[in-house]
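Working notes, structure below.
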Amino acid sequence: MSHVNKNFRAAEVSIPEIYDACFEPIGKSGWRSNIVILLSLCAILIGALAFAGQMYYGLGQTGLHIPVYWGGYIITFVFWIGVAHAGALISALLRLTGAEWKSAVTRVAEVITLFTLPAAGSFPLIHMGRTELFYYMLPVPNNRLLWPNFKSMLMWDVFAVSTYLTGSVLFLYVTLVPDLGIARPRMKGWYKTLYTLLSWGWRGTAEEWKRVMEAAALYSVIILPVVISVHTIVSWDFAMQLVPGWHSEVFGPLFFVGALYSGTAAVFTMLGLLLWTYPSFKKVITPVHYDMLGRVWLVLGLSWAYLFFNDFMPKYYAHIPDKIEYLYYNGFGPYAAATWFLVIGNFALPLFCLAFQDFRRSFLPMFVLSIIVNIAMYIERVFIVIPGLEVYNGLNFNTIPYTYSTTEIAVIVATFGWVIGGLTLFCRIFPILPYWELAETKARQVEVDMAGVKVNYFQAGE
Amino acid sequence: MQEFHGKYQWGMTVDVDKCTGCKACVIACRAENNIAVVGAEQAAMGRLMDWLRIERIHHGHFPHVQVDFIPMLCQQCGAAPCESVCPVFASVHTHDGLNGQIYNRCIGTRVCGNNCPYHVRMFNFVYPKWPTPMEKLLNPDVTQRQEGVMEKCTFCVQRIRRGNVDAKVENREILDGEVRPACVQACASEALVFGLLTDPESSVSRNLNQNKHRSVLVHNDHDTRPNVIYLRPERDPSALEPVAPLGEVQRRDGHAGHDHGGHQPTPENSPTPAVEPTPVETSTPAAAAPASTPALTATPGAQ
Amino acid sequence: MKFNRRDFLKVGLLSASALSFSACGRPVEHGLVSQYQMPEYKLLGEPSFWASTCTELRSDCAVSVKTVENRAIHVIGIAGHFFSKGTATSAAVSGLTTLYHPARLKGASAGDTTVAAEVAKLASRSKSPLFVVDRLCGSLGDAVVEVAQKLGGKIWVCDSHHSMAERRILKAVTGRAELPLADLENRDYLVTVGSNLLQESYAPTRTGWAFGRFRRTPGRLRGKMVSFSSRMNPTDANSDVWEPVISGSEPYVLGALGKLLSEKGKGAFPSWAAITPEEAAEKCGIEEAHRADFAKKLNKLADRLVEARSPLVVGGFQGVNGETTVYLAHTITKMLNGDVTTFEPDLLIGNKKSPGDLFINDAEVSGALQGAEMVVVHNVDLVYRFPWLEESFKGVKNKFVLATMPNDTTEVNNTNKGMTIPLRTWMEDWGDLLVKSPQGSWYGLAQPAVKNQIPDAVSALGFMLELADELKVSLGNKKTNPREFLQRELTEEQWEDLLVRGGHWEREPDSIYGHEAAFPPPATENAGTAPDGYNVFEGVSPLEPSKLGEVSGEGLNFIILPTHLGDGHMADRPWMQEMPDAMTTVVWDSWIEIGHSVAAGLGVKRHDRVSVTVGDKVIKGSAYLSPFIHPKSVGIPSGRGQRLKPHGAVSEIGWVSEGSNPKTLLDGSTGGGEYFSSATAGATLKKEEGSRLLATFDERVYNLPRHVLPE
């Protein structure tokens, strides 16, 4: 053939191979994942100790001061929520759009959400001055007839994050059940007990399958508004306040799109690690998947760049003194290096690299790019939270710039440990690739000869 | 200028022209409200707990420097940005126009502190320490806050409530001047005047009315409707750079004015400004003739 | 013990009656603060107010101490009082932290006898004892003078106001050896030259009140203020125009002003001080290009002073040439108004005569210390305030230091075989003061507001009374108990009235009070002679031109910046340490203040380490770049840098600060006069390695112009 459309080359893998790839890693422990889990446990322990110190000595253990009342904890909170949007994007959005290649990556994304969302949700509790009284925020009837303030955006946070968490956990579980049922026979020992318990007596009947598919479809439709609202509400934690640099009308969509963007980056990071750890996955996760997901990433990046520049260009153009001070402080003041790293790492580099199909199809460069984007997204959160508070000062009382303290770093690293360790552990215990979805997709694959061209397409599923 | 939502509204005028920057008010507030000392290290980190602070604003460069001392305290805003964002209603508006902070309801999310454009909300980052026997000087009328809660100026609400109780017991209204916050009581130059803004006969209302041409609200671009009104100083523009508008009473027609407004008649032999406005850079004295001070034409021998 | 219904009724009725008594006792006037009530008529939790006299700034303002359950919790002024005007300074209120300080001096052991008896024994044997005191008013001052006379000793009054120098200068100018009163409420034009009037006057509360009236009184024009100094202090910050002049050149400003005024027909001005405005501009360190303008400004200022209805010119003792500045300022005020407003805090009773050489001044104290066999230091941190006297102090055989808190002097005293005696604070002590002025006389009474917190602490007045008793000095009667001594000629009713009001200061008809005889009326005929007891001020000659001093153009002038910590005795108060400095907003630390141009030349930024060297003495610190200081001056704030730190529990709060005692760079020279200068020439500024964060609160993160008060 003079012209082969690479995009339509289907995966040359058989269903038994898929079966092996999916269920082989379970129960196996390599020295690499052992070390990762150990380090993660250490990080979590140190973070817990640091947090205990903070509970005892007060928030003075952090680097916060007047007027920077929100710091590392909130930054990491927003970062993790952003990453958690991976699940929604890939599960819900890709399901709804009928992308067949999504099967390889759905569970990866959902599991990322499963671990990052509690990590995120812990930060509002960690950063409170009196954490033990968190239940004041819950609308529980009490003898003082006190309700929380529903006008406050922090309350909306509570509801949004808990809703998303509930939905994600439920959906992950529902779509996990078939795999657990299928894999149940080959498990041994305590795995078998675990799988038996969690698979809820899955027998693989048509009725059960129908329920799973319906649940998946329903979930996709329902969770999308939830996800949009979650990060919009998180963005309103900032946009609803007077701080310059925070009070921007474009924060809602900006954060949402940025979250999808960073979530996709996280998925790529995880995929890269998976492929490195489990070479058999290469059969299932192919350069085509990378290509497709990379295109999604590119589109998200472009829309994010659009919204980001919409955020700051009007400020610059209108030359409002408050906002200009903030911009100059960011671009040319103490945060200059971070700002320019952000611009390059989030926009210049990815949008340039991802435009090339060859780049998108190569595993290692995409992995490296995803790491860079992750770091740049974290810095973007710093960029949003801290300078606005430091500069927001018509009055004089401002002192040193904010820096992370040891306690904050320890706690934040603990959450990273939780996420990374959790993911590693999950891969060892549960199938990270959704066998039933992959098998089902493969089963619908049909190769047809069209006037001498071999074309693969997928028959429509249920 | 002010809308009053209730029958009572406590307010304060701060005369920046009279404030000498002595900070007796700051210490009085500390003593009255059991404000903790944070120590050198915490202070260097920017965690001072003073509910009332004196902003030292300076304009210009040496040698044309102008300084203002501006006491900054909780403005008890009518449309307080801190009240709407607290998730647990720890920051509430009282019936007499104060912004109240309820310490035992506060869980320490600090979003109110972020949203306050005046930065008058102080957070207890560390546990307040009173080494024995210093705890003896604590005022029993005021709660001691623990670490993790926000605090701020309350207009000495404990004194206001005391005044309310006394008035109720004696079956009368609160008298003007009966209740004064610690800072107002301590101010030697009478720069701080406190009272009911809703009462047109109170000293604060009268002070405000007499100085309407000087009264400003700080940061009202956020429409917070503060109940602390600042009275701008009227510095004489003389050897100072003309750039700094603070203190210059600029009239619409571009002339700088002194003591205008028709409130104070100028006697014939009134003292003229310190030195006639002469930018240092000009070499021709004639050019520096004060065309911008129309009221002071009768200056015998001035050149 | 059984508690039956009858007991319950008894207790209930007693409480009810106590309740009604307390209700009866509540005063009707809502302005009067001092309320004296027998403690048994008070409900638990109800505050009591004790009228007393505050001696923090050594000016003896009447204040009211609010106590609850025998704990002092606040200090407020007494409404209607001449000095306090119903308010109290930050120094007064922060006195609470000294009262309850964990590190207060606890005990001086003297075995079975009293400390005073021990002192008396030694005193009678020592030759030429020296008494170092911080103020000399009231019965306490009287006692000190009597004792000193009896022993043939000397008294050195080293209060921060330089009151002895002021008296001497005013004697020369007005013929009355009194203290100046800045009656700003009657003025419409104020010129301050090197003066920190608003922070350091007698009774800053009264001056603050007067300044408020000076600025804004309805129906009266706003007062105008012009200042000259080498570094804008908080007083200069309030002026309409501030003109920086090089340190030490303040007399030249006044010299030119005086000459201009005398040329405009305002009377004679000393010829040795008169210079032309152009000369003044040169001497004041004004740049060549601006000298003509400066001279013109002086001319205009002179015109304004001529036109003003009642101008006031105030000089300060800051820097070198302070005496000359003050002398010329008073002279000009007299030229313009005919007289200088003064007042007289007088000795109360007893002594009316004292030999001319009883009082010594700064120039003589070093010699006096070296020749003394005994020194009694009363509430003065001698070693901190005058480091050059440390060696002479150590060399005195018998040293007695009375202090409330450990300080540098008590440390040196304890390590050099001296006796340190804990002193009560003014909230635990008795005292009095009589002041006479044209505006009215008043008698102030201090009473304890709380019981003595330190069992061994002696009462200042009680100590001197006991000492007098031991030395067989008669002070009016034989009572050595301070309360009885102060009460001796009054009836019970008069006494209670004084306790309630903190003194007697209204002009009341004699018939109501009846004890007017105890308070002699102000002397009006003594214009030409010194009041009794101040013969030392006779025969004063005007200052010679040579004493105007030279201001070095080489190197930098080192000046001491005035702060609210003043002479440093309040440095152990966390409230004062945490109060931001008025001009720099620095807390807890000392800093080295330099101008922007000097800093740019050296490449120094804020927080960088720099050092100031004068002779062989060095002080290191963090730099503060300020627009308030003359480029040729380098300044270090006063009040911090005590050797003794941290004070025990105060370190728990965190005294991890850095302080430097600026006095250590001085050498005790008197700048041509008789009083120690607080500045010197020939300082070298050097940049050092590294930086240390200063705790300041004006760290603009990004400097764009910002106007707080909108148009």
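The way I read the labels, and the way they are meant: chains A, B, ... in the order of the structure tokens, residue 1 as the first residue of every chain, and ligand 1 as the first ligand shown, with later ones counted on from there.
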Discussion item. List as a PyMOL selection string the protein and nucleic acid residues near segment 349-351 of chain A, meaning an atom at most 9 Å away when only C-alpha atoms are counted, but skip any in the same chain fewer than 2 places from it.
Written reply: chain A and resi 298-299+301-302+343-347+353-355+369-370+372-373
Output N, CA and C atoms for every residue in the selection just made, as a PDB file, in the first residue's frame.
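And here's result-v1.pdb as it stands now:
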```
ATOM      1  N   LEU A 298      -3.776  17.399  23.983  1.00  0.00           N
ATOM      2  CA  LEU A 298      -3.458  18.597  23.210  1.00  0.00           C
ATOM      3  C   LEU A 298      -4.651  19.547  23.156  1.00  0.00           C
ATOM      4  N   VAL A 299      -5.808  18.970  22.912  1.00  0.00           N
ATOM      5  CA  VAL A 299      -7.010  19.811  22.854  1.00  0.00           C
ATOM      6  C   VAL A 299      -7.253  20.483  24.199  1.00  0.00           C
ATOM      7  N   GLY A 301      -5.024  21.128  26.413  1.00  0.00           N
ATOM      8  CA  GLY A 301      -3.980  22.120  26.610  1.00  0.00           C
ATOM      9  C   GLY A 301      -4.272  23.414  25.871  1.00  0.00           C
ATOM     10  N   LEU A 302      -4.762  23.262  24.663  1.00  0.00           N
ATOM     11  CA  LEU A 302      -5.061  24.456  23.884  1.00  0.00           C
ATOM     12  C   LEU A 302      -6.200  25.242  24.521  1.00  0.00           C
ATOM     13  N   VAL A 343       4.967  28.857  32.145  1.00  0.00           N
ATOM     14  CA  VAL A 343       4.575  29.158  30.765  1.00  0.00           C
ATOM     15  C   VAL A 343       5.203  28.162  29.807  1.00  0.00           C
ATOM     16  N   ILE A 344       6.459  27.859  30.054  1.00  0.00           N
ATOM     17  CA  ILE A 344       7.135  26.920  29.146  1.00  0.00           C
ATOM     18  C   ILE A 344       6.636  25.509  29.377  1.00  0.00           C
ATOM     19  N   GLY A 345       6.552  25.115  30.632  1.00  0.00           N
ATOM     20  CA  GLY A 345       6.193  23.738  30.942  1.00  0.00           C
ATOM     21  C   GLY A 345       4.739  23.407  30.690  1.00  0.00           C
ATOM     22  N   ASN A 346       3.890  24.412  30.732  1.00  0.00           N
ATOM     23  CA  ASN A 346       2.471  24.137  30.535  1.00  0.00           C
ATOM     24  C   ASN A 346       2.005  24.450  29.130  1.00  0.00           C
ATOM     25  N   PHE A 347       2.608  25.409  28.519  1.00  0.00           N
ATOM     26  CA  PHE A 347       2.122  25.827  27.210  1.00  0.00           C
ATOM     27  C   PHE A 347       3.133  25.574  26.107  1.00  0.00           C
ATOM     28  N   CYS A 353       5.164  20.043  21.443  1.00  0.00           N
ATOM     29  CA  CYS A 353       5.519  18.631  21.268  1.00  0.00           C
ATOM     30  C   CYS A 353       4.325  17.784  20.864  1.00  0.00           C
ATOM     31  N   LEU A 354       3.199  18.043  21.469  1.00  0.00           N
ATOM     32  CA  LEU A 354       2.059  17.175  21.224  1.00  0.00           C
ATOM     33  C   LEU A 354       1.476  17.354  19.838  1.00  0.00           C
ATOM     34  N   ALA A 355       1.914  18.360  19.145  1.00  0.00           N
ATOM     35  CA  ALA A 355       1.399  18.542  17.792  1.00  0.00           C
ATOM     36  C   ALA A 355       1.945  17.488  16.847  1.00  0.00           C
ATOM     37  N   LEU A 369       7.338  14.335  29.451  1.00  0.00           N
ATOM     38  CA  LEU A 369       6.496  15.526  29.296  1.00  0.00           C
ATOM     39  C   LEU A 369       5.421  15.576  30.366  1.00  0.00           C
ATOM     40  N   SER A 370       4.855  14.396  30.669  1.00  0.00           N
ATOM     41  CA  SER A 370       3.792  14.400  31.679  1.00  0.00           C
ATOM     42  C   SER A 370       4.339  14.797  33.041  1.00  0.00           C
ATOM     43  N   ILE A 372       6.841  16.832  33.530  1.00  0.00           N
ATOM     44  CA  ILE A 372       7.053  18.281  33.476  1.00  0.00           C
ATOM     45  C   ILE A 372       5.721  19.009  33.646  1.00  0.00           C
ATOM     46  N   VAL A 373       4.702  18.506  32.962  1.00  0.00           N
ATOM     47  CA  VAL A 373       3.406  19.187  33.052  1.00  0.00           C
ATOM     48  C   VAL A 373       2.854  19.086  34.464  1.00  0.00           C
TER      49      VAL A 373
END
```
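Neighbours of Ser14 of chain A closer than or equal to 10 Å, with only C-alpha atoms counted and sequence neighbours fewer than 4 positions away skipped, come out as Ile18, Tyr19, Lys283, Val284, Ala439, Lys442 and Ala443 of chain A.
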Keeping C-alpha atoms, export the residues of the selection given above as a short mmCIF file (atom, residue, chain, number, x, y, z; two decimals), in the first residue's frame.
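Contents of the output file part10.cif:
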```cif
data_model
loop_
_atom_site.label_atom_id
_atom_site.label_comp_id
_atom_site.auth_asym_id
_atom_site.auth_seq_id
_atom_site.Cartn_x
_atom_site.Cartn_y
_atom_site.Cartn_z
CA ILE A 18 -5.30 -9.68 27.22
CA TYR A 19 -6.37 -12.01 29.99
CA LYS A 283 0.37 -5.32 24.12
CA VAL A 284 -2.68 -3.62 25.49
CA ALA A 439 -12.09 -8.17 25.88
CA LYS A 442 -11.65 -6.76 21.12
CA ALA A 443 -14.58 -9.04 20.56
#
```
Discussion item. Can you pull out the residues contacting segment 125-137 of chain B? Cut-off 10 Å, using only C-alpha atoms, and skip same-chain residues under 5 positions away; I want them as JSON, numbers by chain.
Written reply: {"A": [54, 56, 57, 58, 59, 60, 61, 62, 63, 64, 65, 66, 129], "B": [31, 32, 34, 35, 36, 37, 38, 39, 42, 47, 48, 49, 108, 144, 145, 146, 147, 148, 149, 150], "C": [67, 68, 69, 70, 71, 72, 73, 74, 96, 97, 98, 99, 100, 101, 102, 103, 453, 648, 649, 650, 651, 652, 653]}
Restrict the selected residues to C-alpha atoms and save them as an mmCIF file, in the first residue's frame.
```
data_model
loop_
_atom_site.group_PDB
_atom_site.id
_atom_site.type_symbol
_atom_site.label_atom_id
_atom_site.label_comp_id
_atom_site.auth_asym_id
_atom_site.auth_seq_id
_atom_site.Cartn_x
_atom_site.Cartn_y
_atom_site.Cartn_z
ATOM 1 C CA GLN A 54 0.706 20.820 64.011
ATOM 2 C CA TYR A 56 -0.461 20.238 69.170
ATOM 3 C CA TYR A 57 1.452 23.422 68.494
ATOM 4 C CA GLY A 58 -1.017 25.107 66.218
ATOM 5 C CA LEU A 59 -0.821 26.290 62.664
ATOM 6 C CA GLY A 60 2.303 28.215 63.566
ATOM 7 C CA GLN A 61 4.146 25.158 62.373
ATOM 8 C CA THR A 62 3.297 26.116 58.829
ATOM 9 C CA GLY A 63 4.855 29.000 56.981
ATOM 10 C CA LEU A 64 1.607 30.945 56.966
ATOM 11 C CA HIS A 65 1.464 34.482 58.207
ATOM 12 C CA ILE A 66 -0.560 37.607 57.774
ATOM 13 C CA GLY A 129 -7.125 25.819 62.875
ATOM 14 C CA ALA B 31 -4.276 45.379 77.843
ATOM 15 C CA GLU B 32 -8.034 45.458 77.495
ATOM 16 C CA ASN B 34 -5.770 40.089 76.388
ATOM 17 C CA ILE B 35 -3.881 40.123 73.148
ATOM 18 C CA ALA B 36 -0.996 37.715 73.213
ATOM 19 C CA VAL B 37 2.637 38.565 72.723
ATOM 20 C CA VAL B 38 4.061 36.417 69.979
ATOM 21 C CA GLY B 39 7.778 37.063 70.412
ATOM 22 C CA GLN B 42 6.927 34.967 65.226
ATOM 23 C CA ARG B 47 2.304 37.086 62.921
ATOM 24 C CA LEU B 48 1.726 40.071 65.165
ATOM 25 C CA MET B 49 -1.592 39.888 66.934
ATOM 26 C CA GLY B 108 -9.972 28.261 61.658
ATOM 27 C CA GLN B 144 -8.874 34.217 75.965
ATOM 28 C CA ARG B 145 -8.617 32.742 72.541
ATOM 29 C CA GLN B 146 -6.871 29.446 71.856
ATOM 30 C CA GLU B 147 -4.699 28.698 68.881
ATOM 31 C CA GLY B 148 -6.607 28.084 65.695
ATOM 32 C CA VAL B 149 -9.208 30.816 65.995
ATOM 33 C CA MET B 150 -9.475 34.186 64.348
ATOM 34 C CA THR C 67 -8.071 46.261 89.376
ATOM 35 C CA VAL C 68 -10.205 43.172 89.611
ATOM 36 C CA GLU C 69 -9.847 40.816 92.538
ATOM 37 C CA ASN C 70 -6.636 42.528 93.557
ATOM 38 C CA ARG C 71 -5.145 42.133 90.131
ATOM 39 C CA ALA C 72 -4.238 45.215 88.156
ATOM 40 C CA ILE C 73 -5.534 44.833 84.617
ATOM 41 C CA HIS C 74 -5.509 48.258 83.038
ATOM 42 C CA LEU C 96 1.483 46.117 84.169
ATOM 43 C CA THR C 97 3.964 43.757 82.591
ATOM 44 C CA THR C 98 6.695 44.895 84.950
ATOM 45 C CA LEU C 99 4.374 44.566 87.907
ATOM 46 C CA TYR C 100 3.772 40.942 87.075
ATOM 47 C CA HIS C 101 7.061 40.124 85.479
ATOM 48 C CA PRO C 102 8.408 36.682 86.322
ATOM 49 C CA ALA C 103 11.943 37.989 86.547
ATOM 50 C CA GLN C 453 3.944 41.499 94.810
ATOM 51 C CA GLY C 648 13.984 34.137 82.265
ATOM 52 C CA ALA C 649 10.391 33.606 81.365
ATOM 53 C CA VAL C 650 10.294 36.399 78.865
ATOM 54 C CA SER C 651 12.563 34.289 76.738
ATOM 55 C CA GLU C 652 9.805 31.757 76.704
ATOM 56 C CA ILE C 653 7.824 34.219 74.686
#
```
Worksheet entry | Distance in Å - atom CA of Asn398 of chain C versus atom CA of Trp430 of chain C | 27.3 Å
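In chain C, the set of residues within 6 Å of chain B (atoms considered: only C-alpha atoms) is C:Arg71, C:Ala72, C:Ile73, C:Thr87, C:Ala88, C:Thr89, C:Ser90, C:Tyr100, C:Pro102, C:Thr205, C:Gly208, C:Trp209, C:Gly212, C:Gly219, C:Ala237, C:Asp240, C:Lys300, C:Ala308, C:Trp588, C:Pro627, C:Ile653, C:Gly654, C:Trp655, C:Val656, C:Ser657, C:Ala695, C:Leu709.
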Discussion item. So the first atom is atom CA of Gln76 of chain B and the second is atom CA of Asn209 of chain B; what is the distance between them in Å, to one decimal place?
Written reply: 20.0 Å
